[in-house]
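For reference, work36.cif (mmCIF, C-alpha atoms and all ligand atoms):
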data_coords
#
loop_
_atom_site.label_atom_id
_atom_site.label_comp_id
_atom_site.auth_asym_id
_atom_site.auth_seq_id
_atom_site.Cartn_x
_atom_site.Cartn_y
_atom_site.Cartn_z
CA MET A 1 127.57 257.27 313.08
CA LYS A 2 128.74 260.67 311.81
CA ARG A 3 125.91 262.36 309.93
CA ALA A 4 126.33 265.77 308.27
CA ILE A 5 123.95 268.15 306.51
CA TYR A 6 124.86 269.89 303.24
CA PRO A 7 122.38 272.78 303.06
CA GLY A 8 121.87 275.10 300.11
CA SER A 9 119.55 276.43 297.44
CA PHE A 10 120.74 273.98 294.75
CA ASP A 11 118.81 276.01 292.17
CA PRO A 12 119.89 273.89 290.31
CA ILE A 13 122.58 271.51 291.59
CA THR A 14 125.89 271.97 289.71
CA ASN A 15 129.07 269.95 289.26
CA GLY A 16 130.61 272.30 291.84
CA HIS A 17 128.07 271.15 294.44
CA LEU A 18 128.60 267.51 293.42
CA ASP A 19 132.36 267.83 293.83
CA ILE A 20 131.93 269.10 297.41
CA LEU A 21 129.40 266.34 298.09
CA ASN A 22 131.68 263.58 296.76
CA ARG A 23 134.52 264.75 298.93
CA ALA A 24 132.36 265.21 302.04
CA ALA A 25 130.85 261.73 301.54
CA GLN A 26 134.32 260.30 302.12
CA VAL A 27 134.61 262.05 305.47
CA PHE A 28 131.14 261.44 306.93
CA ASP A 29 129.11 258.22 307.22
CA GLU A 30 125.95 259.88 305.94
CA ILE A 31 125.16 263.21 304.28
CA ILE A 32 121.73 264.74 303.95
CA VAL A 33 121.60 267.30 301.14
CA LEU A 34 119.08 269.82 302.44
CA VAL A 35 117.28 271.93 299.86
CA ALA A 36 116.27 275.33 301.22
CA VAL A 37 112.62 276.26 300.87
CA ASN A 38 112.09 279.96 301.42
CA PRO A 39 108.67 281.31 300.40
CA ASN A 40 110.13 284.86 300.26
CA LYS A 41 112.85 283.94 297.79
CA LYS A 42 112.33 283.43 294.09
CA PHE A 43 113.85 280.20 292.78
CA ASN A 44 114.28 278.94 289.20
CA PHE A 45 113.03 275.47 290.18
CA SER A 46 110.42 274.22 292.67
CA PRO A 47 111.66 272.42 295.81
CA GLU A 48 110.35 269.13 294.36
CA ASP A 49 112.33 269.60 291.13
CA ARG A 50 115.48 270.63 292.99
CA VAL A 51 115.21 267.52 295.21
CA ALA A 52 114.54 265.25 292.20
CA MET A 53 117.54 266.60 290.26
CA ILE A 54 119.82 265.92 293.26
CA GLN A 55 118.34 262.46 293.86
CA GLU A 56 118.96 261.47 290.24
CA ALA A 57 122.50 262.90 290.26
CA THR A 58 123.41 261.07 293.50
CA LYS A 59 121.58 257.78 292.97
CA ASP A 60 124.87 255.83 293.06
CA MET A 61 126.05 257.45 296.28
CA LYS A 62 124.81 255.10 298.95
CA ASN A 63 125.44 257.40 301.91
CA VAL A 64 123.68 260.47 300.47
CA LYS A 65 120.05 261.37 301.16
CA VAL A 66 118.05 264.39 300.02
CA ASP A 67 115.40 266.37 301.88
CA PHE A 68 113.93 269.87 301.93
CA TYR A 69 113.18 272.23 304.80
CA ASP A 70 111.93 275.76 305.33
CA GLY A 71 113.38 276.52 308.77
CA LEU A 72 116.80 277.08 310.27
CA THR A 73 119.33 274.50 309.12
CA VAL A 74 120.85 274.16 312.59
CA LYS A 75 117.43 273.16 313.95
CA TYR A 76 117.06 270.54 311.22
CA ALA A 77 120.55 269.25 312.03
CA LYS A 78 119.76 268.98 315.73
CA ALA A 79 116.49 267.14 315.03
CA HIS A 80 118.32 264.69 312.74
CA ASP A 81 121.22 264.03 315.08
CA ALA A 82 123.82 265.70 312.84
CA LYS A 83 126.57 267.82 314.39
CA HIS A 84 128.13 269.21 311.21
CA LEU A 85 127.00 271.42 308.34
CA ILE A 86 128.98 271.24 305.10
CA ARG A 87 129.58 274.27 302.90
CA GLY A 88 131.83 275.04 299.96
CA LEU A 89 134.17 277.99 299.50
CA ARG A 90 134.98 279.43 296.09
CA ALA A 91 136.29 282.95 296.52
CA VAL A 92 136.96 285.53 299.23
CA THR A 93 133.41 286.79 298.75
CA ASP A 94 132.11 283.32 299.76
CA PHE A 95 134.30 283.50 302.87
CA GLU A 96 132.66 286.69 304.15
CA TYR A 97 129.16 285.34 303.64
CA GLU A 98 129.99 281.94 305.12
CA PHE A 99 131.76 283.47 308.11
CA GLN A 100 128.67 285.54 308.91
CA LEU A 101 126.46 282.47 308.48
CA ALA A 102 128.71 280.38 310.73
CA SER A 103 128.57 283.06 313.43
CA ALA A 104 124.77 283.26 313.22
CA ASN A 105 124.52 279.46 313.41
CA GLU A 106 126.82 279.43 316.42
CA TYR A 107 124.55 281.97 318.11
CA VAL A 108 121.54 279.70 317.57
CA ASP A 109 123.23 276.44 318.55
CA GLU A 110 126.92 276.20 319.32
CA SER A 111 126.88 272.40 319.38
CA ILE A 112 126.58 272.39 315.57
CA ASP A 113 129.82 273.07 313.71
CA MET A 114 130.47 273.97 310.09
CA VAL A 115 132.95 272.14 307.86
CA PHE A 116 134.26 273.83 304.69
CA PHE A 117 135.66 272.33 301.53
CA MET A 118 137.60 274.49 299.09
CA ALA A 119 136.27 274.41 295.54
CA HIS A 120 138.57 272.59 293.14
CA GLY A 121 140.29 274.93 290.68
CA ASP A 122 138.24 273.99 287.64
CA LYS A 123 134.95 274.39 289.57
CA THR A 124 135.51 277.76 291.25
CA PHE A 125 133.57 279.68 288.60
CA ILE A 126 130.49 277.44 288.69
CA SER A 127 127.40 278.82 290.40
CA SER A 128 123.70 278.03 289.94
CA SER A 129 122.93 281.63 288.98
CA GLY A 130 125.86 281.71 286.51
CA VAL A 131 124.64 278.49 284.92
CA MET A 132 121.13 279.92 284.50
CA GLU A 133 122.56 283.08 282.93
CA LEU A 134 124.49 280.98 280.40
CA VAL A 135 121.36 278.95 279.67
CA ARG A 136 119.34 282.11 279.04
CA ASN A 137 122.00 283.12 276.52
CA GLY A 138 121.93 279.81 274.70
CA VAL A 139 125.29 278.43 275.97
CA ASP A 140 125.69 274.65 276.35
CA VAL A 141 126.13 273.94 280.11
CA SER A 142 126.49 270.15 279.89
CA LYS A 143 130.01 270.31 281.39
CA LEU A 144 128.77 272.34 284.38
CA VAL A 145 125.68 270.48 285.62
CA PRO A 146 124.60 266.81 285.84
CA GLU A 147 122.37 265.15 283.25
CA SER A 148 119.35 265.35 285.59
CA VAL A 149 119.52 269.15 285.27
CA ILE A 150 120.15 269.19 281.51
CA LYS A 151 117.02 267.06 281.10
CA ARG A 152 114.86 269.66 282.86
CA LEU A 153 116.45 272.62 281.11
CA LYS A 154 115.35 271.27 277.74
P1 LIG A 201 123.06 279.10 299.23
O1 LIG A 201 121.93 279.89 298.63
O2 LIG A 201 122.74 278.54 300.58
O3 LIG A 201 124.41 279.77 299.18
P2 LIG A 201 123.99 277.42 297.02
O4 LIG A 201 123.26 276.30 296.38
O5 LIG A 201 124.31 278.60 296.19
O6 LIG A 201 123.13 277.79 298.30
O7 LIG A 201 125.36 276.88 297.62
C1 LIG A 201 125.41 275.89 298.62
C2 LIG A 201 126.85 275.72 299.10
O8 LIG A 201 127.64 275.17 298.05
C3 LIG A 201 127.53 277.03 299.49
O9 LIG A 201 128.38 276.79 300.59
C4 LIG A 201 128.34 277.39 298.27
O10 LIG A 201 129.47 278.17 298.60
C5 LIG A 201 128.76 276.00 297.81
N1 LIG A 201 129.07 275.99 296.37
C6 LIG A 201 128.29 276.40 295.35
N2 LIG A 201 128.92 276.26 294.16
C7 LIG A 201 130.14 275.73 294.45
C8 LIG A 201 131.30 275.38 293.65
N3 LIG A 201 131.33 275.57 292.33
N4 LIG A 201 132.37 274.87 294.29
C9 LIG A 201 132.36 274.73 295.63
N5 LIG A 201 131.33 275.06 296.44
C10 LIG A 201 130.23 275.56 295.86
#
Rendering of file as structure tokens:
Amino acid sequence: MKRAIYPGSFDPITNGHLDILNRAAQVFDEIIVLVAVNPNKKFNFSPEDRVAMIQEATKDMKNVKVDFYDGLTVKYAKAHDAKHLIRGLRAVTDFEYEFQLASANEYVDESIDMVFFMAHGDKTFISSSGVMELVRNGVDVSKLVPESVIKRLK
């Protein structure tokens, strides 16, 4: 069985994340969406809320599970018998960051590989921080995030 991990902040999950997840779920037998817990980083939503929003948004995807973790993703992957990490690429700026991350991961454990999906054209501008900025300015974001997020933003 080919299991992959899709790690990220998901603060909150967006339709951009869901697009990557849908496509990755067709390539791997099982995907674990792994919500990053970092006590030194300030998030908009608690880990529990971020997990719940993803669970609700993916309830019809039978091969998707959700978990949270506060250590190195490659270690989580190893412990859960997954050899691939999924990430999404939007712009050149994502590439630089992801390339650095991939190199660091390789240094920690070279048996874990990263798999990248290019953002679809209409999703390239969607980011969690951008969504929150729009929300703070009273813009309707219902086309950018799933209903489980809209519910909690209200
Ligand atoms: P992190 O803080 O780890 O970057 P994010 O939740 O911001 O966590 O993103 C997780 C992954 O999803 C990253 O690889 C990011 O590039 C990707 N991603 C985020 N938004 C989109 C989008 N609109 N289209 C494609 N990939 C995306």
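The binding environment of ligand LIG 201 (chain A), defined as every protein, DNA or RNA residue with an atom no more than 7 Å away and counting all atoms listed in the file, comprises A:Pro7, A:Gly8, A:Ser9, A:Phe10, A:Asp11, A:Ile13, A:Thr14, A:Asn15, A:Gly16, A:His17, A:Ile20, A:Arg87, A:Gly88, A:Leu89, A:Arg90, A:Asp94, A:Met118, A:Ala119, A:His120, A:Lys123, A:Thr124, A:Phe125, A:Ile126, A:Ser127, A:Ser128.
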* Asked: What lies within 10 Å of Asp109 (chain A) using all atoms listed in the file, ignoring chain neighbours under 4 positions off, as an NGL selection string?
  -> :A and (74-75 or 78 or 103-105 or 113)
* Using all atoms listed in the file, which of the listed residues (A:Ser129, A:Ala82, A:Leu153, A:Phe117) sits closest to Phe95 (chain A)? -> A:Phe117
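Reported to one decimal place, the separation of CA of Met114 (chain A) from CA of Val92 (chain A) is 17.1 Å.
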* To do: Go ahead and compute the interatomic distance for CA of Leu21 (chain A) and CA of Arg3 (chain A), in Å to one decimal.
  => 13.0 Å
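CA of Arg23 (chain A) to CA of Ser148 (chain A) spans 20.2 Å [interatomic distance, one decimal].
Between Asp122 (chain A) and the candidates A:Ala77, A:Met53, A:Leu144, A:Leu85, the tightest atom-to-atom separation, counting only C-alpha atoms, involves A:Leu144.
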* To do: Would you mind listing what lies within 9 Å of Asp67 (chain A) as a list in words, with only C-alpha atoms counted and same-chain residues fewer than 6 positions away left out?
  => Ile32, Val33, Leu34, Val35 and Val51 of chain A
* Return the single residue from A:Ile150, A:Ile112, A:Leu101, A:Ala52 that is closest to His80 (chain A), with distances computed using all atoms listed in the file. => A:Ile112
